[in-house]
Amino acid sequence: MTGRLVAALAGAVLLSGALASGGSAGAAGPVFVGPTGRQIALTSDDLAKLPSVRLHVSFLTEHGTSSADFAGPLLWDVLVRAGAVDPGKPRGTAREIIVVTGADGYIAALAIGEISPAFEDKQVILADEMDGKPLTPGHLRIVVPLDRHGGRSVRDVVRIAVAAAATKTPDR
Ligand SMILES: Nc1nc2c(c(=O)[nH]1)N[C@H]1C(S)=C(S)[C@@H](COP(=O)(O)O)O[C@H]1N2
Ligand SMILES: [Mo]
């Protein structure tokens with residue numbers, strides 16, 4: 001990893017896992033969001049208030065094709081709710097990446113431009129339901145429609161970080 005990327009990630013907005021700690025009374029556990037140390041908690045109630053989107057996906061895995069129905073809020077809506085992206089500044093978000101980490105340390109990256117309504121507007125969700133049944137609280141899963149391989153469908157998400165892939169976009 002380059003020093004520049006490390007620096008960018010150090011200043012990342014963190015959306016930390018709906019999850020790891022489990023939470024009480026059916027809560028999915030806190031999601032923490034915070035640029036440069038600032039951490040914002042999103043509760044499972046906050047997530048539940050966002051509209052749920054249903055997706056049927058089929059992807060390749062190391063053990064054959066996997067197909068399922070998933071449902072949950074749009075990752076974009078979650079990031080906006082968390083204050084991790086500024087929906088009014090598409091030019092500023094063009095350089096941003098999303099780094100998603102699972103409880104086992106598995107990592108996959110997306111671009112904000114893939115999910116921003118100003119750009120591709122892809123319906124990536126943070127699923128809390130699979131095949132009509134709620135996922136175990138604290139075990140949210142990223143679902144990326146039309147991905148051929150399941151590699152970006154991170155299970156047991158514990159952290160979502162939004163970071164700039166470059167240190168600066170020139171002003172104009
Ligand atoms: N946390 C976590 N999520 C993960 C992985 C992983 O190792 N850890 N593997 C990915 C890969 S490479 C694939 S193909 C799919 C497999 O999904 P499945 O096990 O539900 O079929 O999960 C993805 N999500
Ligand atoms: Mo995979």
# chains A, B, ... in the order shown; residues from 1 in each chain; ligands from 1
>>> residues_near_ligand(ligand="ligand 2", cutoff="6 Å", atoms="only C-alpha atoms and all ligand atoms", output="ChimeraX atom specification")
/A:61-62,150-151
>>> residues_near_ligand(ligand="ligand 1", cutoff="8 Å", atoms="only C-alpha atoms and all ligand atoms", output="PDB file with C-alpha atoms, in the first residue's frame")
ATOM      1  CA  PHE A  59     -23.018 -15.462  -8.301  1.00  0.00           C
ATOM      2  CA  LEU A  60     -20.086 -17.784  -8.722  1.00  0.00           C
ATOM      3  CA  THR A  61     -18.264 -18.994  -5.627  1.00  0.00           C
ATOM      4  CA  GLU A  62     -15.449 -21.434  -4.949  1.00  0.00           C
ATOM      5  CA  HIS A  63     -18.167 -24.002  -4.238  1.00  0.00           C
ATOM      6  CA  GLY A  64     -20.433 -23.475  -7.231  1.00  0.00           C
ATOM      7  CA  THR A  65     -23.161 -20.985  -8.095  1.00  0.00           C
ATOM      8  CA  SER A  66     -24.955 -19.406  -5.182  1.00  0.00           C
ATOM      9  CA  THR A 101     -14.400  -5.360   5.985  1.00  0.00           C
ATOM     10  CA  GLY A 102     -15.933  -8.591   7.287  1.00  0.00           C
ATOM     11  CA  ALA A 103     -15.556 -10.004  10.793  1.00  0.00           C
ATOM     12  CA  ASP A 104     -12.879 -12.402   9.506  1.00  0.00           C
ATOM     13  CA  GLY A 105     -10.822  -9.547   8.033  1.00  0.00           C
ATOM     14  CA  TYR A 106     -11.943 -10.200   4.455  1.00  0.00           C
ATOM     15  CA  ILE A 107     -11.965  -6.926   2.483  1.00  0.00           C
ATOM     16  CA  ARG A 141     -24.054  -8.649   4.150  1.00  0.00           C
ATOM     17  CA  HIS A 149     -18.390 -13.628  -8.726  1.00  0.00           C
ATOM     18  CA  GLY A 150     -19.444 -13.370  -5.079  1.00  0.00           C
ATOM     19  CA  GLY A 151     -16.157 -11.810  -3.995  1.00  0.00           C
ATOM     20  CA  ARG A 152     -17.617  -8.400  -3.176  1.00  0.00           C
ATOM     21  CA  SER A 153     -20.566  -9.814  -1.260  1.00  0.00           C
ATOM     22  CA  VAL A 154     -18.859  -9.361   2.107  1.00  0.00           C
ATOM     23  CA  ARG A 155     -20.483 -11.318   4.920  1.00  0.00           C
ATOM     24  CA  ASP A 156     -20.588 -10.246   8.571  1.00  0.00           C
ATOM     25  CA  VAL A 157     -19.686  -6.651   7.803  1.00  0.00           C
TER      26      VAL A 157
END
>>> closest_residue(among="A:Lys122, A:Thr169, A:Leu42, A:Ala109", to="A:Pro90", atoms="only C-alpha atoms")
A:Thr169
>>> select_by_dssp(residues="stretch 40-171 of chain A", states="helix (DSSP H, G or I)", output="MDAnalysis selection string")
chainID A and resid 44:49 75:81 90:93 112:115 150:152
>>> closest_residue(among="A:Asp45, A:Glu96, A:Glu129, A:Glu114", to="A:Trp76", atoms="only C-alpha atoms")
A:Glu114
>>> closest_residue(among="A:Val78, A:Ala118, A:Val143, A:Val85", to="A:Ser44", atoms="only C-alpha atoms")
A:Val78
>>> closest_residue(among="A:Pro87, A:Gly132, A:Pro51, A:Pro145", to="A:Phe119", atoms="only C-alpha atoms")
A:Pro87
>>> residues_around(residues="A:His56", least_positions_apart="6", cutoff="10 Å", atoms="only C-alpha atoms", output="MDAnalysis selection string")
chainID A and resid 67:71 130:131 143 145:146
>>> write_last_selection(atoms="all heavy atoms", output="short mmCIF file (atom, residue, chain, number, x, y, z; two decimals), in the first residue's frame")
data_model
loop_
_atom_site.label_atom_id
_atom_site.label_comp_id
_atom_site.auth_asym_id
_atom_site.auth_seq_id
_atom_site.Cartn_x
_atom_site.Cartn_y
_atom_site.Cartn_z
N SER A 67 -27.32 -18.76 -5.27
CA SER A 67 -28.45 -17.89 -5.59
C SER A 67 -29.27 -17.63 -4.35
O SER A 67 -29.50 -18.55 -3.56
CB SER A 67 -29.38 -18.55 -6.61
OG SER A 67 -28.70 -18.79 -7.81
N ALA A 68 -29.71 -16.40 -4.19
CA ALA A 68 -30.55 -16.08 -3.02
C ALA A 68 -31.27 -14.76 -3.22
O ALA A 68 -30.89 -13.95 -4.06
CB ALA A 68 -29.70 -16.02 -1.75
N ASP A 69 -32.34 -14.58 -2.44
CA ASP A 69 -33.03 -13.30 -2.35
C ASP A 69 -32.49 -12.57 -1.13
O ASP A 69 -32.45 -13.15 -0.05
CB ASP A 69 -34.53 -13.52 -2.13
CG ASP A 69 -35.26 -13.76 -3.42
OD1 ASP A 69 -35.15 -12.92 -4.32
OD2 ASP A 69 -35.93 -14.81 -3.52
N PHE A 70 -32.09 -11.33 -1.32
CA PHE A 70 -31.62 -10.53 -0.19
C PHE A 70 -32.47 -9.27 -0.11
O PHE A 70 -33.02 -8.81 -1.12
CB PHE A 70 -30.15 -10.13 -0.39
CG PHE A 70 -29.17 -11.25 -0.22
CD1 PHE A 70 -28.67 -11.94 -1.33
CD2 PHE A 70 -28.73 -11.63 1.04
CE1 PHE A 70 -27.77 -12.98 -1.18
CE2 PHE A 70 -27.82 -12.67 1.20
CZ PHE A 70 -27.33 -13.34 0.09
N ALA A 71 -32.56 -8.70 1.08
CA ALA A 71 -33.23 -7.41 1.23
C ALA A 71 -32.52 -6.60 2.30
O ALA A 71 -31.96 -7.15 3.24
CB ALA A 71 -34.70 -7.61 1.60
N MET A 130 -32.26 -12.58 4.24
CA MET A 130 -31.90 -13.51 3.16
C MET A 130 -32.99 -14.56 3.03
O MET A 130 -33.40 -15.16 4.03
CB MET A 130 -30.56 -14.19 3.50
CG MET A 130 -30.07 -15.16 2.45
SD MET A 130 -28.51 -15.89 2.98
CE MET A 130 -28.31 -17.15 1.73
N ASP A 131 -33.47 -14.73 1.79
CA ASP A 131 -34.53 -15.70 1.52
C ASP A 131 -35.71 -15.54 2.48
O ASP A 131 -36.24 -16.52 3.02
CB ASP A 131 -33.98 -17.13 1.55
CG ASP A 131 -33.04 -17.38 0.35
OD1 ASP A 131 -33.20 -16.72 -0.69
OD2 ASP A 131 -32.14 -18.23 0.48
N VAL A 143 -24.54 -6.81 -0.80
CA VAL A 143 -24.97 -7.53 -2.00
C VAL A 143 -24.86 -6.59 -3.19
O VAL A 143 -25.41 -5.49 -3.18
CB VAL A 143 -26.41 -8.07 -1.86
CG1 VAL A 143 -26.84 -8.81 -3.11
CG2 VAL A 143 -26.52 -8.98 -0.63
N PRO A 145 -25.60 -6.21 -7.06
CA PRO A 145 -26.32 -6.82 -8.17
C PRO A 145 -25.44 -6.95 -9.42
O PRO A 145 -24.65 -6.06 -9.69
CB PRO A 145 -27.49 -5.86 -8.42
CG PRO A 145 -27.17 -4.60 -7.71
CD PRO A 145 -26.19 -4.93 -6.62
N LEU A 146 -25.60 -8.05 -10.11
CA LEU A 146 -24.93 -8.33 -11.38
C LEU A 146 -23.45 -8.65 -11.29
O LEU A 146 -22.83 -8.95 -12.30
CB LEU A 146 -25.17 -7.20 -12.41
CG LEU A 146 -26.66 -6.97 -12.75
CD1 LEU A 146 -26.80 -5.85 -13.78
CD2 LEU A 146 -27.33 -8.25 -13.25
#
>>> atom_distance(atom1="atom CA of A:Gln123", atom2="atom CA of A:Leu140")
15.9 Å
>>> closest_residue(among="A:Asp171, A:Ala166, A:Ser116, A:Val158", to="A:Arg95", atoms="only C-alpha atoms")
A:Ala166
>>> atom_distance(atom1="atom CA of A:Pro73", atom2="atom CA of A:Ile97")
19.0 Å
>>> closest_residue(among="A:Ala111, A:Lys49, A:Lys133, A:Val144", to="A:Val162", atoms="only C-alpha atoms")
A:Ala111
>>> decode(residues="stretch 136-156 of chain A", atoms="C-alpha atoms", output="PDB file, in the first residue's frame")
ATOM      1  CA  THR A 136     -28.685 -13.009  12.532  1.00  0.00           C
ATOM      2  CA  PRO A 137     -28.352  -9.568  14.136  1.00  0.00           C
ATOM      3  CA  GLY A 138     -24.834  -8.330  13.600  1.00  0.00           C
ATOM      4  CA  HIS A 139     -24.347 -10.352  10.409  1.00  0.00           C
ATOM      5  CA  LEU A 140     -25.194  -7.873   7.675  1.00  0.00           C
ATOM      6  CA  ARG A 141     -24.054  -8.649   4.150  1.00  0.00           C
ATOM      7  CA  ILE A 142     -23.161  -6.476   1.176  1.00  0.00           C
ATOM      8  CA  VAL A 143     -24.971  -7.532  -2.002  1.00  0.00           C
ATOM      9  CA  VAL A 144     -23.803  -6.207  -5.372  1.00  0.00           C
ATOM     10  CA  PRO A 145     -26.324  -6.819  -8.172  1.00  0.00           C
ATOM     11  CA  LEU A 146     -24.932  -8.326 -11.384  1.00  0.00           C
ATOM     12  CA  ASP A 147     -21.475  -9.117  -9.989  1.00  0.00           C
ATOM     13  CA  ARG A 148     -20.554 -12.446 -11.614  1.00  0.00           C
ATOM     14  CA  HIS A 149     -18.390 -13.628  -8.726  1.00  0.00           C
ATOM     15  CA  GLY A 150     -19.444 -13.370  -5.079  1.00  0.00           C
ATOM     16  CA  GLY A 151     -16.157 -11.810  -3.995  1.00  0.00           C
ATOM     17  CA  ARG A 152     -17.617  -8.400  -3.176  1.00  0.00           C
ATOM     18  CA  SER A 153     -20.566  -9.814  -1.260  1.00  0.00           C
ATOM     19  CA  VAL A 154     -18.859  -9.361   2.107  1.00  0.00           C
ATOM     20  CA  ARG A 155     -20.483 -11.318   4.920  1.00  0.00           C
ATOM     21  CA  ASP A 156     -20.588 -10.246   8.571  1.00  0.00           C
TER      22      ASP A 156
END
